[in-house]
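Peer 1: Please find one structure pasted underneath; my questions will follow.
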Amino acid sequence: MDFSFEVSKKDKKSLARAGVIHTSHGDILTPAFSPVATKASVKTLTPDDLRAAKTQVVLGNTYHLYLKPGTETLKKFGGFGPFMRWHGPTISDSGGYQVSFLRSKSEDGRLVKITDKGAIFSSYLDGSRHLITPEKSMEIQKILAADIIMAFDQPLGSDYSPLKKKEAFERTMKWEERSFSAWKKLKSNQALYGIVQGDIDRSLRRKSLKFVLSLGFPGIAMGGESIGVSPKITAETLDAVADILPLDKPLHALGLGGGPEGIFTAVQRGVDTFDNTSITRMARTGLLFIYPEDGGSISNKFRIDIEKSKFKNARAPISNKCSCYTCKNFSAAYLHHLFLTRELLGLRLASIHNVFFVNDLMERIRNSILEGDFRAFKKYWLNRG
RNA sequence: GCUGGGAUGGCGGAGCGGACAAUCGCACCAGACUGUAAAUCUGGCGGUCGAAAGGCCUACCUAGGUUCGAAUCCUAGUCCCAGCA
């Protein structure tokens with residue numbers, strides 16, 4: 001397997017660490033952000049845009065790519081990475097998240113049926129029925145050919161009844177076991193991450209992590225709603241397993257939210273990589289990140305709303321501190337105009353900025369860890385406003 | 001000049017006697033956005049008091065009138081549009 005993880009430097013006073021994930025498509029210097037290319041596209045951005053925005057790795061989704069373009073096409077291209085012409089490291093999600101996601105979205109609950117065997121989905125594209133099992137997810141993910149793949153799981157919904165939570169929790173462990181053995185059988189050179197569930201239940205989280213460790217997955221992912229809903233709950237979720245997190249396995253946070261505050265919260269607790277859709281989605285709705293030097297703070301969530309009328313005549317860029325393509329070349333007023341007139345270029349320039357911002361923040365965090373400065377750096381960002 | 005149609009909140013445009021402070025869209029303001037069915041979604045949007053329920057005031061071109069009651073009906077005026085000269 002062309003995959004390994006090494007910790008270059010560990011923070012003395014927290015679980016934060018700077019490391020390197022080696023993959024056959026290159027290294028990922030951690031901690032790192034992975035933009036999400038659900039359908040083999042980080043919305044509005046080309047691979048060149050992504051690279052220029054310091055992107056190291058992108059994440060695609062089994063569920064969506066299986067439905068379109070389908071495994072036959074992706075097989076011919078050798079995976080979704082080559083298909084989208086992203087030649088760097090990739091991650092694929094197992095489709096497990098869609099299990100609960102589709103369920104909560106459907107009004108009659110008939111969009112998906114979950115049994116121990118697997119999940120029967122209705123395609124959101126044409127309504128056709130599909131069965132995804134842990135084994136099937138592993139097969140599909142082999143075709144997607146990401147460097148890092150995920151076990152097939154069923155996240156616990158925060159709105160689940162205790163009984164339903166228990167059911168999903170037990171099922172996830174069974175599914176992970178099946179994912180693991182299917183992955184072994186496929187002899188893929190991909191790294192399979194086991195997913196830790198348990199919502200905000202401390203003992204479930206611990207049990208889940210211990211189970212994942214006992215199987216011997218190459219990496220660990222933290223899943224479920226509670227990892228991304230707010231920095232406070234993210235902290236609670238990660239703190240539950242802080243003392244039993246291994247040092248030699250990379251930790252990925254699935255759908256980590258909370259902006260810069262959430263990122264610091266997670267990195268401090270040992271997260272090496274994370275993905276998040278809202279960073280690019282917020283970009284498309286005009287919410288753009290700013291540095292502390294620009295007035296960013298916890299209270300404004302380190303972001304501005306470019307559609308606000310105060311930017312109508314703003315000649316300065318979104319951020320004076322930022323060195324992304326957008327900030328180097330365009331005024332906030334221009335971005336404001338593009339958004340109000342719904343010009344498509346605005347979506348791209350905003351996405352470039354937000355992706356760059358988060359990648360740049362990760363690089364700065366990494367450097368601060370390497371220099372033994374993480375604590376001060378974090379304080380600089382969070383202790384103001 | 002004649003004939004016909006019309007004037008409603010920032011704009012467009014419903015309503016055509018009571019359930020109208022007035023449908024809806026745009027704009028504007030505020031908010032949300034987690035492993036993306038998301039260039040999306042939610043709320044507000046005459047003034048004022050109130051936490052809210054709700055109250056009060058001013059309102060559908062202008063001025064009169066009819067009516068218990070008018071954005072809605074009548075009269076006059078002003079302006080706009082279309083067709084014909």
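Ordering of the structure tokens sets the chain letters (A, B, ...), residue numbers begin anew at 1 in every chain, and ligands are numbered from 1 in the order given.
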Could you pull the residues within 12 Å of range 66-80 of chain B, counting only C-alpha atoms (C1' of nucleotides), minus those fewer than 4 positions along the same chain, as a PyMOL selection string?
Peer 2: chain B and resi 5-8+14-18+20-22+59-62
Peer 1: So which residues of range 95-220 of chain A fall under strand (DSSP E) by DSSP, listed as a list in words?
Peer 2: Val112, Lys113, Ile114, Ala119, Ile120, Phe121, Ser122, Arg129, His130, Leu131, Ile132, Ile148, Ile149, Met150, Ala191, Leu192, Tyr193, Gly194, Ile195, Val196, Gly219 and Ile220 of chain A
Peer 1: Report the distance between CA of Ala350 in chain A and C1' of U42 in chain B in Å, rounded to one decimal place.
Peer 2: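 Interatomic distance here is 22.8 Å.
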Peer 1: Show me, as a PDB file with N, CA and C atoms (P, O5', C5', C4', C3', O3' and C1' of nucleotides), in the first residue's frame, the residues that have an atom within 12 Å of Asp305 in chain A when counting only C-alpha atoms (C1' of nucleotides), minus same-chain residues fewer than 3 positions from it.
Peer 2:
```pdb
ATOM      1  N   MET A 282     -20.637  28.598   1.043  1.00  0.00           N
ATOM      2  CA  MET A 282     -20.733  29.968   1.544  1.00  0.00           C
ATOM      3  C   MET A 282     -20.159  30.938   0.518  1.00  0.00           C
ATOM      4  N   ALA A 283     -19.087  30.522  -0.125  1.00  0.00           N
ATOM      5  CA  ALA A 283     -18.505  31.374  -1.168  1.00  0.00           C
ATOM      6  C   ALA A 283     -19.572  31.706  -2.217  1.00  0.00           C
ATOM      7  N   ARG A 284     -20.341  30.712  -2.584  1.00  0.00           N
ATOM      8  CA  ARG A 284     -21.360  30.940  -3.622  1.00  0.00           C
ATOM      9  C   ARG A 284     -22.550  31.746  -3.129  1.00  0.00           C
ATOM     10  N   THR A 285     -22.678  31.892  -1.822  1.00  0.00           N
ATOM     11  CA  THR A 285     -23.744  32.757  -1.328  1.00  0.00           C
ATOM     12  C   THR A 285     -23.181  34.094  -0.842  1.00  0.00           C
ATOM     13  N   GLY A 286     -21.922  34.333  -1.138  1.00  0.00           N
ATOM     14  CA  GLY A 286     -21.349  35.655  -0.861  1.00  0.00           C
ATOM     15  C   GLY A 286     -20.716  35.822   0.506  1.00  0.00           C
ATOM     16  N   LEU A 287     -20.554  34.730   1.245  1.00  0.00           N
ATOM     17  CA  LEU A 287     -19.902  34.837   2.550  1.00  0.00           C
ATOM     18  C   LEU A 287     -18.424  34.524   2.370  1.00  0.00           C
ATOM     19  N   LEU A 288     -17.593  35.519   2.607  1.00  0.00           N
ATOM     20  CA  LEU A 288     -16.168  35.396   2.319  1.00  0.00           C
ATOM     21  C   LEU A 288     -15.346  35.570   3.577  1.00  0.00           C
ATOM     22  N   PHE A 289     -14.333  34.731   3.691  1.00  0.00           N
ATOM     23  CA  PHE A 289     -13.521  34.746   4.904  1.00  0.00           C
ATOM     24  C   PHE A 289     -12.549  35.915   4.933  1.00  0.00           C
ATOM     25  N   ILE A 290     -12.313  36.401   6.147  1.00  0.00           N
ATOM     26  CA  ILE A 290     -11.325  37.461   6.357  1.00  0.00           C
ATOM     27  C   ILE A 290     -10.409  37.112   7.530  1.00  0.00           C
ATOM     28  N   ASN A 300     -17.732  37.714  14.328  1.00  0.00           N
ATOM     29  CA  ASN A 300     -18.254  37.812  12.951  1.00  0.00           C
ATOM     30  C   ASN A 300     -17.943  36.541  12.150  1.00  0.00           C
ATOM     31  N   LYS A 301     -17.522  35.523  12.857  1.00  0.00           N
ATOM     32  CA  LYS A 301     -17.202  34.227  12.259  1.00  0.00           C
ATOM     33  C   LYS A 301     -16.146  34.337  11.165  1.00  0.00           C
ATOM     34  N   PHE A 302     -15.310  35.336  11.270  1.00  0.00           N
ATOM     35  CA  PHE A 302     -14.226  35.549  10.306  1.00  0.00           C
ATOM     36  C   PHE A 302     -14.746  35.657   8.872  1.00  0.00           C
ATOM     37  N   LYS A 308     -23.600  42.932   1.023  1.00  0.00           N
ATOM     38  CA  LYS A 308     -24.020  44.101   1.803  1.00  0.00           C
ATOM     39  C   LYS A 308     -23.679  45.393   1.050  1.00  0.00           C
ATOM     40  N   SER A 309     -24.559  46.355   1.173  1.00  0.00           N
ATOM     41  CA  SER A 309     -24.399  47.584   0.391  1.00  0.00           C
ATOM     42  C   SER A 309     -23.155  48.381   0.762  1.00  0.00           C
ATOM     43  N   LYS A 310     -22.596  48.109   1.933  1.00  0.00           N
ATOM     44  CA  LYS A 310     -21.389  48.857   2.315  1.00  0.00           C
ATOM     45  C   LYS A 310     -20.201  48.564   1.394  1.00  0.00           C
ATOM     46  N   PHE A 311     -20.296  47.513   0.603  1.00  0.00           N
ATOM     47  CA  PHE A 311     -19.197  47.192  -0.316  1.00  0.00           C
ATOM     48  C   PHE A 311     -19.383  47.781  -1.711  1.00  0.00           C
ATOM     49  N   LYS A 312     -20.453  48.534  -1.884  1.00  0.00           N
ATOM     50  CA  LYS A 312     -20.778  49.059  -3.221  1.00  0.00           C
ATOM     51  C   LYS A 312     -19.607  49.798  -3.861  1.00  0.00           C
ATOM     52  N   ILE A 318     -11.243  42.093  -0.852  1.00  0.00           N
ATOM     53  CA  ILE A 318     -11.972  41.493   0.267  1.00  0.00           C
ATOM     54  C   ILE A 318     -11.096  41.511   1.511  1.00  0.00           C
ATOM     55  N   ALA A 332     -13.372  44.682  -3.653  1.00  0.00           N
ATOM     56  CA  ALA A 332     -14.590  44.159  -3.028  1.00  0.00           C
ATOM     57  C   ALA A 332     -15.811  44.677  -3.773  1.00  0.00           C
ATOM     58  N   ALA A 333     -15.724  45.917  -4.254  1.00  0.00           N
ATOM     59  CA  ALA A 333     -16.844  46.496  -4.997  1.00  0.00           C
ATOM     60  C   ALA A 333     -17.174  45.671  -6.242  1.00  0.00           C
ATOM     61  N   LEU A 335     -16.548  42.425  -6.679  1.00  0.00           N
ATOM     62  CA  LEU A 335     -17.182  41.182  -6.220  1.00  0.00           C
ATOM     63  C   LEU A 335     -18.642  41.443  -5.846  1.00  0.00           C
ATOM     64  N   HIS A 336     -18.847  42.537  -5.134  1.00  0.00           N
ATOM     65  CA  HIS A 336     -20.200  42.942  -4.732  1.00  0.00           C
ATOM     66  C   HIS A 336     -21.095  43.060  -5.967  1.00  0.00           C
ATOM     67  N   PHE A 339     -21.937  39.697  -7.572  1.00  0.00           N
ATOM     68  CA  PHE A 339     -22.959  38.954  -6.830  1.00  0.00           C
ATOM     69  C   PHE A 339     -24.345  39.549  -7.037  1.00  0.00           C
ATOM     70  N   LEU A 340     -24.443  40.856  -6.997  1.00  0.00           N
ATOM     71  CA  LEU A 340     -25.763  41.475  -7.158  1.00  0.00           C
ATOM     72  C   LEU A 340     -26.323  41.256  -8.558  1.00  0.00           C
ATOM     73  N   ALA A 350     -15.143  34.078  -5.694  1.00  0.00           N
ATOM     74  CA  ALA A 350     -15.426  33.895  -4.267  1.00  0.00           C
ATOM     75  C   ALA A 350     -14.943  32.523  -3.801  1.00  0.00           C
TER      76      ALA A 350
ATOM     77  P     A B  30     -28.301  44.211   6.401  1.00  0.00           P
ATOM     78  O5'   A B  30     -28.999  43.059   7.263  1.00  0.00           O
ATOM     79  C5'   A B  30     -29.408  43.321   8.600  1.00  0.00           C
ATOM     80  C4'   A B  30     -30.185  42.154   9.146  1.00  0.00           C
ATOM     81  C3'   A B  30     -29.476  40.809   9.120  1.00  0.00           C
ATOM     82  O3'   A B  30     -28.547  40.674  10.178  1.00  0.00           O
ATOM     83  C1'   A B  30     -31.684  40.537   8.365  1.00  0.00           C
ATOM     84  P     G B  31     -27.294  39.696   9.985  1.00  0.00           P
ATOM     85  O5'   G B  31     -27.948  38.239  10.012  1.00  0.00           O
ATOM     86  C5'   G B  31     -28.530  37.749  11.213  1.00  0.00           C
ATOM     87  C4'   G B  31     -29.276  36.470  10.944  1.00  0.00           C
ATOM     88  C3'   G B  31     -28.464  35.301  10.434  1.00  0.00           C
ATOM     89  O3'   G B  31     -27.727  34.676  11.464  1.00  0.00           O
ATOM     90  C1'   G B  31     -30.485  35.415   9.240  1.00  0.00           C
TER      91        G B  31
END
```
Peer 1: List the neighbours of range 273-276 of chain A out to 6 Å using only C-alpha atoms (C1' of nucleotides); skip same-chain residues closer than 3 positions along the sequence, and give me the result as a PyMOL selection string.
Peer 2: chain A and resi 31-35+252-256
Peer 1: Please produce a file of those selected residues containing C-alpha atoms, as a compact mmCIF listing (two decimals), in the first residue's frame.
Peer 2:
```
# COMPACT_ATOMS: atom_id res chain seq x y z
CA PRO A 31 -3.22 19.57 9.12
CA ALA A 32 -4.99 20.07 5.81
CA PHE A 33 -8.33 20.97 4.34
CA SER A 34 -9.91 18.94 1.56
CA PRO A 35 -12.33 20.84 -0.65
CA HIS A 252 -9.98 12.89 9.44
CA ALA A 253 -12.99 14.98 10.47
CA LEU A 254 -15.88 14.40 8.12
CA GLY A 255 -17.78 17.59 7.44
CA LEU A 256 -16.03 19.74 9.98
```
Peer 1: Looking only at the backbone, which of the residues in range 12-204 of chain A does DSSP tag as helix (DSSP H, G or I), as a PyMOL selection string?
Peer 2: chain A and resi 47-52+62-67+71-77+80-84+96-105+134-144+162-186+202-204
Peer 1: For chain A, work out the contacting residues on chain B at 8 Å, counting only C-alpha atoms (C1' of nucleotides), and write them as JSON, numbers by chain.
Peer 2: {"B": [33, 34, 35, 36, 37, 38, 39, 40]}
Peer 1: So which residues touch range 132-144 of chain A within 9 Å, counting only C-alpha atoms (C1' of nucleotides), skipping near sequence neighbours fewer than 4 positions away, as a ChimeraX atom specification?
Peer 2: /A:60-63,65-66,71-72,74-75,78-81,92-96,116-121,149-153,175-183,186,188-190
Peer 1: Go ahead and compute the interatomic distance for CA of Ile220 in chain A and CA of Thr237 in chain A, in Å to one decimal.
Peer 2: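 Distance between the two atoms: 14.3 Å.
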Peer 1: Rounded to one decimal in Å, what is the spacing between CA of Lys210 in chain A and CA of Asp272 in chain A?
Peer 2: 18.9 Å
Peer 1: Can you pull out the residues contacting Arg85 in chain A? Cut-off 12 Å, using only C-alpha atoms (C1' of nucleotides), and skip same-chain residues under 4 positions away; I want them as a CSV table (one decimal) with C-alpha atoms, in the first residue's frame.
Peer 2:
```csv
chain,number,residue,atom,x,y,z
A,37,ALA,CA,-15.7,17.6,-5.3
A,40,ALA,CA,-15.9,15.2,-9.5
A,41,SER,CA,-15.9,18.9,-9.5
A,42,VAL,CA,-15.2,21.5,-6.8
A,45,LEU,CA,-13.1,25.6,-9.8
A,46,THR,CA,-10.7,24.0,-12.2
A,47,PRO,CA,-7.8,21.9,-11.0
A,48,ASP,CA,-5.5,24.9,-11.8
A,50,LEU,CA,-7.5,24.5,-6.9
A,51,ARG,CA,-3.7,24.3,-7.0
A,58,VAL,CA,-10.0,16.8,-2.9
A,77,PHE,CA,-10.7,7.0,-16.8
A,78,GLY,CA,-9.0,5.2,-13.9
A,79,GLY,CA,-11.0,7.0,-11.2
A,80,PHE,CA,-12.6,10.3,-10.5
A,81,GLY,CA,-9.3,12.1,-10.0
A,89,PRO,CA,-4.3,13.0,-3.7
A,90,THR,CA,-7.9,12.2,-3.4
```
Peer 1: Would you list the contacts of Ala316 in chain A as a PyMOL selection string, taking every protein, DNA or RNA residue within 10 Å and counting only C-alpha atoms (C1' of nucleotides), but skipping same-chain residues closer than 6 positions in sequence?
Peer 2: chain A and resi 327-334
Peer 1: Mind writing the picked residues with C-alpha atoms as a PDB file, in the first residue's frame?
Peer 2:
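Wrote it out as result_10.pdb, contents follow:
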```pdb
ATOM      1  CA  CYS A 327      -7.729  39.531  -3.620  1.00  0.00           C
ATOM      2  CA  LYS A 328      -4.614  40.240  -5.665  1.00  0.00           C
ATOM      3  CA  ASN A 329      -6.642  41.429  -8.605  1.00  0.00           C
ATOM      4  CA  PHE A 330     -10.144  42.568  -7.720  1.00  0.00           C
ATOM      5  CA  SER A 331     -11.876  45.064  -5.485  1.00  0.00           C
ATOM      6  CA  ALA A 332     -14.590  44.159  -3.028  1.00  0.00           C
ATOM      7  CA  ALA A 333     -16.844  46.496  -4.997  1.00  0.00           C
ATOM      8  CA  TYR A 334     -16.369  44.384  -8.106  1.00  0.00           C
TER       9      TYR A 334
END
```
Peer 1: Counting only C-alpha atoms, which of A:His22, A:Ala376, A:Gly198, A:Trp86 gets nearest to Arg171 in chain A?
Peer 2: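 Ranking A:His22, A:Ala376, A:Gly198, A:Trp86 by distance to Arg171 in chain A, first place goes to A:Gly198.
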Peer 1: Taking into account only C-alpha atoms, which residue in the set A:Pro250, A:Gly70, A:Gly88, A:Gly194 is nearest to Ile21 in chain A?
Peer 2: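 Of A:Pro250, A:Gly70, A:Gly88, A:Gly194, the one nearest Ile21 in chain A is A:Pro250, counting only C-alpha atoms.
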